[in-house]
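S.K.: Next up, work-v5.cif (mmCIF, C-alpha atoms).
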```
data_protein
#
loop_
_atom_site.label_atom_id
_atom_site.label_comp_id
_atom_site.auth_asym_id
_atom_site.auth_seq_id
_atom_site.Cartn_x
_atom_site.Cartn_y
_atom_site.Cartn_z
CA MET W 1 112.10 142.00 140.53
CA ASN W 2 108.79 143.81 140.15
CA ARG W 3 108.15 146.62 142.58
CA ALA W 4 104.63 147.53 143.64
CA GLN W 5 105.26 151.27 143.53
CA GLU W 6 107.99 153.65 142.53
CA TYR W 7 108.60 156.61 144.82
CA LYS W 8 109.94 159.68 143.05
CA PRO W 9 111.67 162.73 144.57
CA VAL W 10 109.62 165.86 145.25
CA ASN W 11 110.00 168.75 142.82
CA TRP W 12 110.90 171.57 145.19
CA VAL W 13 110.12 175.08 143.86
CA ASN W 14 110.70 178.46 145.51
CA GLY W 15 107.52 179.88 146.98
CA MET W 16 105.59 176.60 146.97
CA LYS W 17 103.36 175.77 149.91
CA ILE W 18 104.72 172.82 151.83
CA ASN W 19 103.41 170.49 154.50
CA LYS W 20 104.53 167.25 156.14
CA ASN W 21 103.34 165.17 153.17
CA HIS W 22 106.08 166.69 151.01
CA PHE W 23 108.77 165.64 153.49
CA ILE W 24 107.26 162.17 153.81
CA ALA W 25 107.24 161.82 150.03
CA GLN W 26 110.88 162.92 149.83
CA HIS W 27 111.82 160.49 152.61
CA ASN W 28 110.05 157.63 150.80
CA ALA W 29 111.88 158.48 147.59
CA THR W 30 115.19 158.30 149.46
CA LEU W 31 114.27 154.92 150.97
CA TYR W 32 113.27 153.62 147.56
CA GLN W 33 116.54 154.70 145.91
CA GLN W 34 118.56 153.24 148.78
CA ALA W 35 116.80 149.88 148.51
CA LEU W 36 117.19 149.93 144.73
CA SER W 37 120.92 150.56 145.14
CA ASN W 38 121.21 147.69 147.63
CA THR W 39 119.75 145.22 145.14
CA VAL W 40 122.73 145.81 142.83
CA PHE W 41 124.80 143.76 145.29
CA LEU W 42 122.10 141.20 146.14
CA ASN W 43 121.15 137.96 144.46
CA ASP W 44 119.09 134.90 145.37
CA HIS W 45 121.96 133.50 147.47
CA ASN W 46 123.21 136.44 149.56
CA TYR W 47 120.32 138.20 151.28
CA GLY W 48 119.12 137.66 154.84
CA LEU W 49 120.88 137.98 158.21
CA LEU W 50 123.89 140.29 158.14
CA PRO W 51 127.32 139.09 159.38
CA ILE W 52 127.94 138.96 163.12
CA SER W 53 130.47 141.60 164.22
CA THR W 54 131.30 143.86 167.14
CA ALA W 55 128.68 146.30 165.86
CA ILE W 56 126.02 143.69 165.13
CA GLU W 57 124.91 141.24 167.79
CA PRO W 58 124.12 137.63 166.91
CA PRO W 59 120.47 137.19 165.91
CA LYS W 60 118.18 136.30 168.81
CA ILE W 61 114.82 135.18 167.43
CA TRP W 62 112.27 133.03 169.22
CA VAL W 63 109.26 131.50 167.52
CA SER W 64 106.51 129.88 169.60
CA VAL W 65 103.07 128.39 169.08
CA ASP W 66 100.16 128.13 171.49
CA ASN W 67 96.83 126.37 171.86
CA MET W 68 95.06 129.38 170.35
CA GLN W 69 96.48 128.29 166.99
CA HIS W 70 98.74 131.33 166.74
CA VAL W 71 102.43 131.68 165.97
CA HIS W 72 104.31 134.32 167.96
CA VAL W 73 107.68 135.80 167.03
CA ARG W 74 109.83 137.52 169.65
CA ILE W 75 113.01 139.24 168.50
CA MET W 76 115.66 140.55 170.88
CA SER W 77 118.17 141.45 168.18
CA CYS W 78 118.20 141.03 164.42
CA THR W 79 119.83 142.88 161.55
CA ALA W 80 118.99 141.61 158.09
CA ILE W 81 118.31 142.70 154.55
CA THR W 82 115.48 141.45 152.36
CA ARG W 83 115.79 140.41 148.72
CA GLY W 84 114.38 143.81 147.79
CA GLY W 85 117.14 145.67 149.64
CA TYR W 86 115.13 146.75 152.71
CA VAL W 87 116.75 146.58 156.15
CA ILE W 88 115.12 144.72 159.04
CA GLN W 89 116.58 145.87 162.34
CA PHE W 90 115.66 145.09 165.94
CA ASN W 91 117.86 146.37 168.76
CA SER W 92 115.42 145.79 171.62
CA ASP W 93 112.76 143.31 172.68
CA SER W 94 110.01 143.28 170.05
CA SER W 95 107.49 142.22 172.71
CA GLU W 96 107.61 145.80 174.02
CA ASN W 97 105.98 147.05 170.83
CA VAL W 98 102.28 147.82 170.78
CA ASN W 99 101.74 145.66 167.69
CA GLN W 100 102.78 142.11 168.60
CA LEU W 101 104.35 139.92 165.94
CA SER W 102 101.91 137.03 165.66
CA ALA W 103 99.83 135.26 163.04
CA LYS W 104 97.12 132.64 162.97
CA ILE W 105 98.14 129.26 161.58
CA PRO W 106 96.30 128.77 158.26
CA GLY W 107 93.90 125.85 158.00
CA LEU W 108 93.57 125.27 161.74
CA SER W 109 90.03 126.51 162.17
CA VAL W 110 89.05 122.92 162.96
CA PRO W 111 89.89 121.11 166.22
CA PHE W 112 93.24 119.30 166.37
CA ARG W 113 91.49 115.93 166.56
CA GLU W 114 90.27 116.45 162.98
CA LEU W 115 93.81 116.92 161.68
CA GLN W 116 94.60 113.19 161.66
CA GLY W 117 96.79 112.30 158.69
CA ARG W 118 97.60 115.90 157.72
CA ALA W 119 101.18 117.04 157.34
CA GLU W 120 101.99 120.59 156.31
CA GLU W 121 104.89 122.98 156.71
CA TYR W 122 104.83 126.77 156.84
CA TYR W 123 107.54 129.40 156.74
CA VAL W 124 107.23 132.07 159.43
CA ILE W 125 107.69 135.28 157.45
CA ILE W 126 108.56 138.72 158.82
CA SER W 127 107.44 141.58 156.57
CA VAL W 128 108.83 145.11 156.80
CA ASP W 129 106.90 148.17 155.61
CA PRO W 130 109.20 151.22 155.64
CA TYR W 131 106.70 153.37 153.75
CA ASN W 132 104.05 153.24 156.47
CA PRO W 133 106.11 153.75 159.64
CA VAL W 134 104.80 153.66 163.19
CA PRO W 135 105.63 156.19 165.93
CA SER W 136 108.23 155.15 168.51
CA GLY W 137 110.33 156.51 171.32
CA VAL W 138 109.41 158.31 174.54
CA ALA W 139 107.23 161.42 174.46
CA ASN W 140 108.63 164.69 175.78
CA PRO W 141 106.04 166.07 178.26
CA GLU W 142 107.35 169.61 177.74
CA GLU W 143 106.63 169.50 174.05
CA GLN W 144 103.24 170.51 172.68
CA PRO W 145 101.43 168.80 171.16
CA ILE W 146 102.54 165.60 172.87
CA ARG W 147 103.98 163.14 170.36
CA LEU W 148 106.28 160.18 170.06
CA PRO W 149 109.48 161.69 168.65
CA PHE W 150 110.58 159.00 166.19
CA THR W 151 109.28 156.52 163.65
CA GLU W 152 110.34 153.01 162.71
CA PRO W 153 109.22 150.63 159.96
CA ALA W 154 106.06 148.64 160.57
CA TYR W 155 106.56 144.89 160.94
CA SER W 156 104.12 142.02 160.61
CA VAL W 157 104.20 138.22 160.63
CA SER W 158 102.56 135.82 158.20
CA LEU W 159 102.78 132.13 157.37
CA LEU W 160 103.35 130.82 153.86
CA PRO W 161 103.13 127.14 152.85
CA VAL W 162 106.59 125.75 152.15
CA ALA W 163 105.30 123.95 149.05
CA GLU W 164 104.11 127.26 147.58
CA THR W 165 107.08 129.41 148.62
CA SER W 166 110.11 129.95 146.43
CA LEU W 167 112.69 132.64 145.80
CA ASN W 168 110.43 134.03 143.09
CA SER W 169 107.22 133.99 145.12
CA LEU W 170 108.78 135.60 148.20
CA GLY W 171 108.25 139.36 148.13
CA GLU W 172 110.86 142.09 148.31
CA PHE W 173 109.76 143.06 151.84
CA GLN W 174 109.70 139.53 153.35
CA LEU W 175 112.23 137.33 155.15
CA PRO W 176 111.65 133.81 156.59
CA VAL W 177 112.77 133.46 160.22
CA GLY W 178 111.29 130.09 161.18
CA LYS W 179 109.32 127.04 160.13
CA VAL W 180 106.14 125.54 161.60
CA ILE W 181 105.32 121.87 161.07
CA ILE W 182 101.77 120.52 161.37
CA ARG W 183 101.64 116.76 161.68
CA ASP W 184 98.51 114.83 162.70
CA GLN W 185 97.26 116.44 165.91
CA SER W 186 100.31 118.49 166.85
CA VAL W 187 101.99 121.72 165.82
CA SER W 188 105.74 121.97 166.29
CA LEU W 189 108.63 124.20 165.34
CA GLU W 190 111.76 123.31 163.43
CA GLU W 191 114.05 124.26 166.29
CA ASP W 192 117.27 124.39 164.26
CA TYR W 193 115.92 126.33 161.27
CA ILE W 194 118.53 128.63 159.71
CA PRO W 195 117.08 131.79 158.11
CA PRO W 196 118.55 133.07 154.83
CA CYS W 197 121.99 134.60 155.52
CA THR W 198 124.11 137.06 153.59
CA SER W 199 127.27 135.14 154.49
CA VAL W 200 128.52 132.13 156.42
CA ASN W 201 129.54 134.27 159.41
CA SER W 202 125.97 135.54 159.80
CA HIS W 203 124.84 132.53 161.85
CA GLU W 204 126.59 130.50 164.55
CA SER W 205 125.49 127.17 163.05
CA LEU W 206 127.08 128.08 159.71
CA ILE W 207 130.30 129.19 161.41
CA GLN W 208 130.45 125.88 163.27
CA HIS W 209 129.82 123.90 160.09
CA HIS W 210 132.56 125.85 158.31
CA ALA W 211 135.02 124.92 161.07
CA GLU W 212 133.99 121.26 161.00
CA THR W 213 134.30 121.05 157.20
CA GLU W 214 137.70 122.73 157.30
CA GLN W 215 138.78 120.03 159.75
CA PHE W 216 137.29 117.40 157.41
CA PHE W 217 139.37 118.65 154.47
CA GLY W 218 142.51 118.58 156.61
CA ARG W 219 141.95 115.01 157.75
CA MET W 220 141.11 113.89 154.21
CA GLU W 221 144.36 115.43 152.98
CA LEU W 222 146.34 113.47 155.57
CA ASN W 223 144.48 110.23 154.83
CA THR W 224 145.02 110.41 151.07
CA LEU W 225 148.70 111.19 151.58
CA GLN W 226 149.11 108.16 153.84
CA ILE W 227 147.33 105.91 151.35
CA LEU W 228 149.52 107.09 148.47
CA GLN W 229 152.70 106.79 150.54
CA LYS W 230 151.93 103.16 151.39
CA ILE W 231 151.15 102.31 147.77
CA LEU W 232 154.24 103.99 146.33
CA GLN W 233 156.77 103.09 149.00
CA LYS W 234 155.82 99.41 149.16
CA ASN W 235 155.04 99.07 145.45
CA GLN W 236 151.88 97.10 146.21
CA GLN W 237 150.35 95.12 143.35
CA ASN W 238 146.77 93.90 143.06
CA ASP W 239 143.60 94.74 141.12
CA LEU W 240 142.52 97.43 143.61
CA ILE W 241 145.78 99.35 143.80
CA GLY W 242 145.30 101.24 140.52
CA PRO W 243 141.72 102.46 141.20
CA VAL W 244 142.47 103.42 144.82
CA GLN W 245 145.64 105.24 143.82
CA LYS W 246 143.82 107.14 141.07
CA LEU W 247 140.98 108.07 143.41
CA SER W 248 143.36 109.22 146.15
CA GLU W 249 145.34 111.34 143.71
CA GLN W 250 142.16 113.00 142.42
CA VAL W 251 140.89 113.70 145.94
CA LEU W 252 144.27 115.06 147.07
CA PHE W 253 144.48 117.33 144.03
CA TYR W 254 140.95 118.68 144.62
CA ILE W 255 141.60 119.39 148.31
CA SER W 256 144.89 121.09 147.45
CA GLN W 257 142.98 123.41 145.12
CA VAL W 258 140.10 124.37 147.43
CA HIS W 259 141.46 124.08 150.98
CA GLY W 260 143.16 127.48 151.06
CA SER W 261 140.24 129.42 149.62
CA TYR W 262 137.82 127.51 151.83
CA ARG W 263 139.75 128.45 154.97
CA HIS W 264 140.22 132.13 154.13
CA SER W 265 137.34 133.13 151.85
CA VAL W 266 134.28 130.92 152.31
CA LEU W 267 133.66 132.17 155.86
CA PHE W 268 132.93 135.61 154.42
CA GLY W 269 131.03 134.40 151.36
CA THR W 270 127.45 133.29 150.80
CA PRO W 271 126.40 129.96 152.39
CA VAL W 272 126.10 128.36 148.95
CA TYR W 273 129.90 127.98 148.97
CA LEU W 274 129.63 125.60 151.92
CA MET W 275 127.67 123.30 149.64
CA THR W 276 129.66 123.74 146.44
CA SER W 277 132.97 122.97 148.16
CA VAL W 278 131.69 119.61 149.41
CA SER W 279 129.64 118.78 146.32
CA GLY W 280 132.76 119.43 144.23
CA LEU W 281 134.58 116.76 146.24
CA ALA W 282 131.66 114.38 145.76
CA ARG W 283 131.75 114.95 142.00
CA THR W 284 135.51 114.33 141.97
CA ILE W 285 135.04 111.02 143.80
CA LYS W 286 132.17 109.96 141.55
CA ASN W 287 134.09 110.73 138.35
CA ALA W 288 137.17 108.91 139.64
CA ILE W 289 135.03 105.83 140.34
CA ASP W 290 133.09 106.04 137.06
CA ILE W 291 136.33 105.87 135.06
CA TYR W 292 136.18 102.14 135.69
CA VAL W 293 133.37 99.98 134.31
CA GLY W 294 132.12 96.46 134.75
CA SER W 295 133.70 94.17 137.31
CA ALA W 296 136.54 96.60 138.12
CA LYS W 297 134.10 99.28 139.28
CA GLU W 298 131.91 96.80 141.12
CA GLU W 299 134.89 95.31 142.95
CA MET W 300 136.08 98.77 144.00
CA ILE W 301 132.60 99.82 145.24
CA ASN W 302 132.21 96.57 147.16
CA TYR W 303 135.60 97.06 148.75
CA PHE W 304 134.74 100.62 149.78
CA THR W 305 131.37 99.66 151.24
CA GLU W 306 133.05 96.93 153.27
CA TRP W 307 135.35 99.43 154.97
CA CYS W 308 132.81 102.21 155.58
CA ASN W 309 130.15 99.85 156.97
CA VAL W 310 127.38 100.72 154.50
CA ASN W 311 125.76 98.85 151.65
CA GLN W 312 126.70 99.52 148.05
CA GLY W 313 123.51 101.38 147.22
CA GLU W 314 123.84 103.72 150.19
CA LEU W 315 127.37 104.78 149.29
CA GLU W 316 126.55 105.51 145.66
CA GLU W 317 123.28 107.19 146.62
CA GLU W 318 125.02 109.47 149.11
CA ILE W 319 127.63 110.54 146.57
CA THR W 320 125.03 111.15 143.86
CA SER W 321 122.70 112.99 146.24
CA ILE W 322 125.25 115.58 147.33
CA THR W 323 126.55 115.92 143.76
CA ASN W 324 123.10 116.73 142.34
CA TYR W 325 121.84 118.76 145.31
CA ARG W 326 120.37 122.12 144.34
CA TYR W 327 121.03 124.76 146.98
CA ASP W 328 117.93 126.32 148.57
CA HIS W 329 118.57 129.65 150.31
CA LEU W 330 115.27 129.34 152.18
CA ASN W 331 116.25 125.92 153.55
CA ILE W 332 119.97 126.12 154.33
CA ARG W 333 119.68 123.46 157.04
CA GLN W 334 118.84 120.78 154.46
CA GLY W 335 122.11 121.39 152.62
CA ILE W 336 124.09 121.40 155.88
CA GLU W 337 122.66 118.02 156.87
CA LYS W 338 123.55 116.54 153.48
CA ASN W 339 127.10 117.85 153.86
CA ILE W 340 127.45 116.36 157.34
CA LYS W 341 126.21 112.93 156.29
CA PHE W 342 128.44 112.79 153.22
CA CYS W 343 131.55 114.03 155.04
CA ALA W 344 131.11 111.51 157.86
CA LEU W 345 130.75 108.63 155.40
CA ILE W 346 133.72 109.56 153.20
CA LEU W 347 135.96 110.39 156.15
CA GLN W 348 135.24 107.00 157.70
CA LEU W 349 136.12 105.28 154.41
CA PHE W 350 139.44 107.06 153.88
CA THR W 351 140.41 106.82 157.55
CA ASN W 352 139.94 103.05 157.42
CA LEU W 353 141.84 102.76 154.14
CA ALA W 354 144.73 104.83 155.52
CA ALA W 355 144.95 102.54 158.55
CA LEU W 356 145.34 99.35 156.46
CA ASP W 357 148.72 97.69 156.11
CA TYR W 358 148.03 97.27 152.42
CA ILE W 359 145.27 98.17 149.98
CA GLY W 360 143.17 95.13 149.12
CA LYS W 361 142.99 93.68 152.59
CA LYS W 362 139.63 92.09 153.39
CA LYS W 363 137.98 92.14 156.78
CA GLU W 364 137.12 88.47 156.89
CA THR W 365 140.15 86.98 155.15
CA GLY W 366 143.86 87.54 154.99
CA ILE W 367 144.88 88.11 151.37
CA PHE W 368 148.48 87.95 150.29
CA VAL W 369 149.51 91.05 148.39
CA LYS W 370 152.73 91.16 146.45
CA GLU W 371 154.72 94.16 147.57
CA LYS W 372 158.26 95.39 147.19
CA LEU W 373 159.78 98.00 149.47
CA ILE W 374 161.36 100.54 147.13
CA VAL W 375 162.41 102.97 149.88
CA PRO W 376 164.47 101.68 152.82
CA GLU W 377 162.55 101.65 156.09
CA GLU W 378 165.17 103.83 157.79
CA GLU W 379 164.80 106.47 155.11
CA VAL W 380 161.02 106.32 155.35
CA GLN W 381 161.16 106.97 159.10
CA ALA W 382 163.60 109.84 158.61
CA ARG W 383 161.30 111.43 156.06
CA LYS W 384 158.34 111.09 158.38
CA ARG W 385 160.17 112.86 161.19
CA GLY W 386 160.94 115.76 158.90
CA PHE W 387 157.51 115.95 157.31
CA PHE W 388 155.50 118.98 158.48
CA LEU W 389 152.20 117.08 158.50
CA ALA W 390 153.52 114.18 160.59
CA ASP W 391 152.21 113.57 164.09
#
```
Mind converting the file's structure to structure tokens?
M.R.:
Amino acid sequence: MNRAQEYKPVNWVNGMKINKNHFIAQHNATLYQQALSNTVFLNDHNYGLLPISTAIEPPKIWVSVDNMQHVHVRIMSCTAITRGGYVIQFNSDSSENVNQLSAKIPGLSVPFRELQGRAEEYYVIISVDPYNPVPSGVANPEEQPIRLPFTEPAYSVSLLPVAETSLNSLGEFQLPVGKVIIRDQSVSLEEDYIPPCTSVNSHESLIQHHAETEQFFGRMELNTLQILQKILQKNQQNDLIGPVQKLSEQVLFYISQVHGSYRHSVLFGTPVYLMTSVSGLARTIKNAIDIYVGSAKEEMINYFTEWCNVNQGELEEEITSITNYRYDHLNIRQGIEKNIKFCALILQLFTNLAALDYIGKKKETGIFVKEKLIVPEEEVQARKRGFFLAD
């Protein structure tokens, strides 16, 4: 990452004349070295809002637009780190500052009625400037000359087009906190925008999604176990048994591998792991289906689409979409929405399959399936009562 300027420590020598500029230069050099050290632990996927804890309040950021074609940012609390290693910290209402955080929306110098047909999106960017601080605090009237006792970094707001903004184009002092959407004659905000986060437990929406996905993995584990138990205990035989059994075994094996780490580690890791855990399951399902070719694969896909109430193209498209999704740290919400849609679809499919008396049953017809009970029913019930996952 290219830095605009390198701040070097002052060469202190006995007898030299000093003034405040020397101390400012030394302070800037310290800030520079601290930020440089922070970047050792940062990458394109783990900068942004810091984790919520007893010492750090949840972020409270409000973005608003008005008829004067301006975007206003009001921050009650926020602790974050930029890609360049600089800390953004607000512990009080930013509206109390002399310099308000606002910016004019680019391209809106014309009346709204002339915006017909236009659709643009802008990131609301907060920039921190620690090298040109502004005075802060309350002046001591007994001190002469009167001055504000402290300094804090200068902050400003700008808007960057989403189409032109990437991890590489975003500067080392900038952090997106919102998104503005211009469509036809109206300007709106993306109300549920999630800023870049250092970890999953940095934002309440990510924590909630982590809990929901953990529940999803648990229910999928139960469903695949029930499907396999029915197949093996009743020794069912038809053309769909083999593919469904293979798929269920692959899914169960994958969940067994990732469920523990997802529960205990992902909450404290970067948000990208929310996506990779689910996309890994999607890839497992896709590969298990792609083992079969021709009519066998088509019959299996048709059977699945029948029980999850979607068409064949939608099911395959959803699996492929989440498998090939490329994580965007500036647009975490997009990945979350893809996860939610995929999980809901797959959970519905496996829940319906687990509820069937036998694999191969059609909705509209009753198909006879040859089956042989290889475990006595009494023994099956006894095992269920002793099984730790049973209801």
S.K.: For atom CA of W:Ala119 and atom CA of W:Val177, determine how far apart the two atoms are, in Å to one decimal place.
M.R.: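 According to the coordinates, atom CA of W:Ala119 and atom CA of W:Val177 are separated by 20.3 Å.
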S.K.: Here is a test: counting only C-alpha atoms, which residue of W:Glu6, W:Asp44, W:Glu249, W:Glu120 is nearest to W:Ile181?
M.R.: W:Glu120
S.K.: What is the distance, in Å and to one decimal place, between atom CA of W:Phe217 and atom CA of W:Leu50?
M.R.: 26.9 Å
S.K.: Can you pull out every residue within 10 Å of W:Leu42, counting only C-alpha atoms, but drop anything in the same chain fewer than 6 positions away, and send it as a PyMOL selection string?
M.R.: chain W and resi 48+81-85+198
S.K.: Which residues fall under the PyMOL selection byres ((chain W and resi 207) around 12) in this file, as a PDB file with C-alpha atoms, keeping the file's coordinate frame?
M.R.:
```
ATOM      1  CA  PRO W  51     127.320 139.090 159.380  1.00  0.00           C
ATOM      2  CA  ILE W  52     127.940 138.960 163.120  1.00  0.00           C
ATOM      3  CA  PRO W  58     124.120 137.630 166.910  1.00  0.00           C
ATOM      4  CA  ILE W 194     118.530 128.630 159.710  1.00  0.00           C
ATOM      5  CA  CYS W 197     121.990 134.600 155.520  1.00  0.00           C
ATOM      6  CA  SER W 199     127.270 135.140 154.490  1.00  0.00           C
ATOM      7  CA  VAL W 200     128.520 132.130 156.420  1.00  0.00           C
ATOM      8  CA  ASN W 201     129.540 134.270 159.410  1.00  0.00           C
ATOM      9  CA  SER W 202     125.970 135.540 159.800  1.00  0.00           C
ATOM     10  CA  HIS W 203     124.840 132.530 161.850  1.00  0.00           C
ATOM     11  CA  GLU W 204     126.590 130.500 164.550  1.00  0.00           C
ATOM     12  CA  SER W 205     125.490 127.170 163.050  1.00  0.00           C
ATOM     13  CA  LEU W 206     127.080 128.080 159.710  1.00  0.00           C
ATOM     14  CA  GLN W 208     130.450 125.880 163.270  1.00  0.00           C
ATOM     15  CA  HIS W 209     129.820 123.900 160.090  1.00  0.00           C
ATOM     16  CA  HIS W 210     132.560 125.850 158.310  1.00  0.00           C
ATOM     17  CA  ALA W 211     135.020 124.920 161.070  1.00  0.00           C
ATOM     18  CA  GLU W 212     133.990 121.260 161.000  1.00  0.00           C
ATOM     19  CA  THR W 213     134.300 121.050 157.200  1.00  0.00           C
ATOM     20  CA  GLU W 214     137.700 122.730 157.300  1.00  0.00           C
ATOM     21  CA  ARG W 263     139.750 128.450 154.970  1.00  0.00           C
ATOM     22  CA  VAL W 266     134.280 130.920 152.310  1.00  0.00           C
ATOM     23  CA  LEU W 267     133.660 132.170 155.860  1.00  0.00           C
ATOM     24  CA  PHE W 268     132.930 135.610 154.420  1.00  0.00           C
ATOM     25  CA  GLY W 269     131.030 134.400 151.360  1.00  0.00           C
ATOM     26  CA  THR W 270     127.450 133.290 150.800  1.00  0.00           C
ATOM     27  CA  PRO W 271     126.400 129.960 152.390  1.00  0.00           C
ATOM     28  CA  LEU W 274     129.630 125.600 151.920  1.00  0.00           C
ATOM     29  CA  ILE W 336     124.090 121.400 155.880  1.00  0.00           C
TER      30      ILE W 336
END
```
S.K.: Would you compute the distance between atom CA of W:Glu317 and atom CA of W:Ala282? Give it in Å to one decimal.
M.R.: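 Separation between atom CA of W:Glu317 and atom CA of W:Ala282: 11.1 Å.
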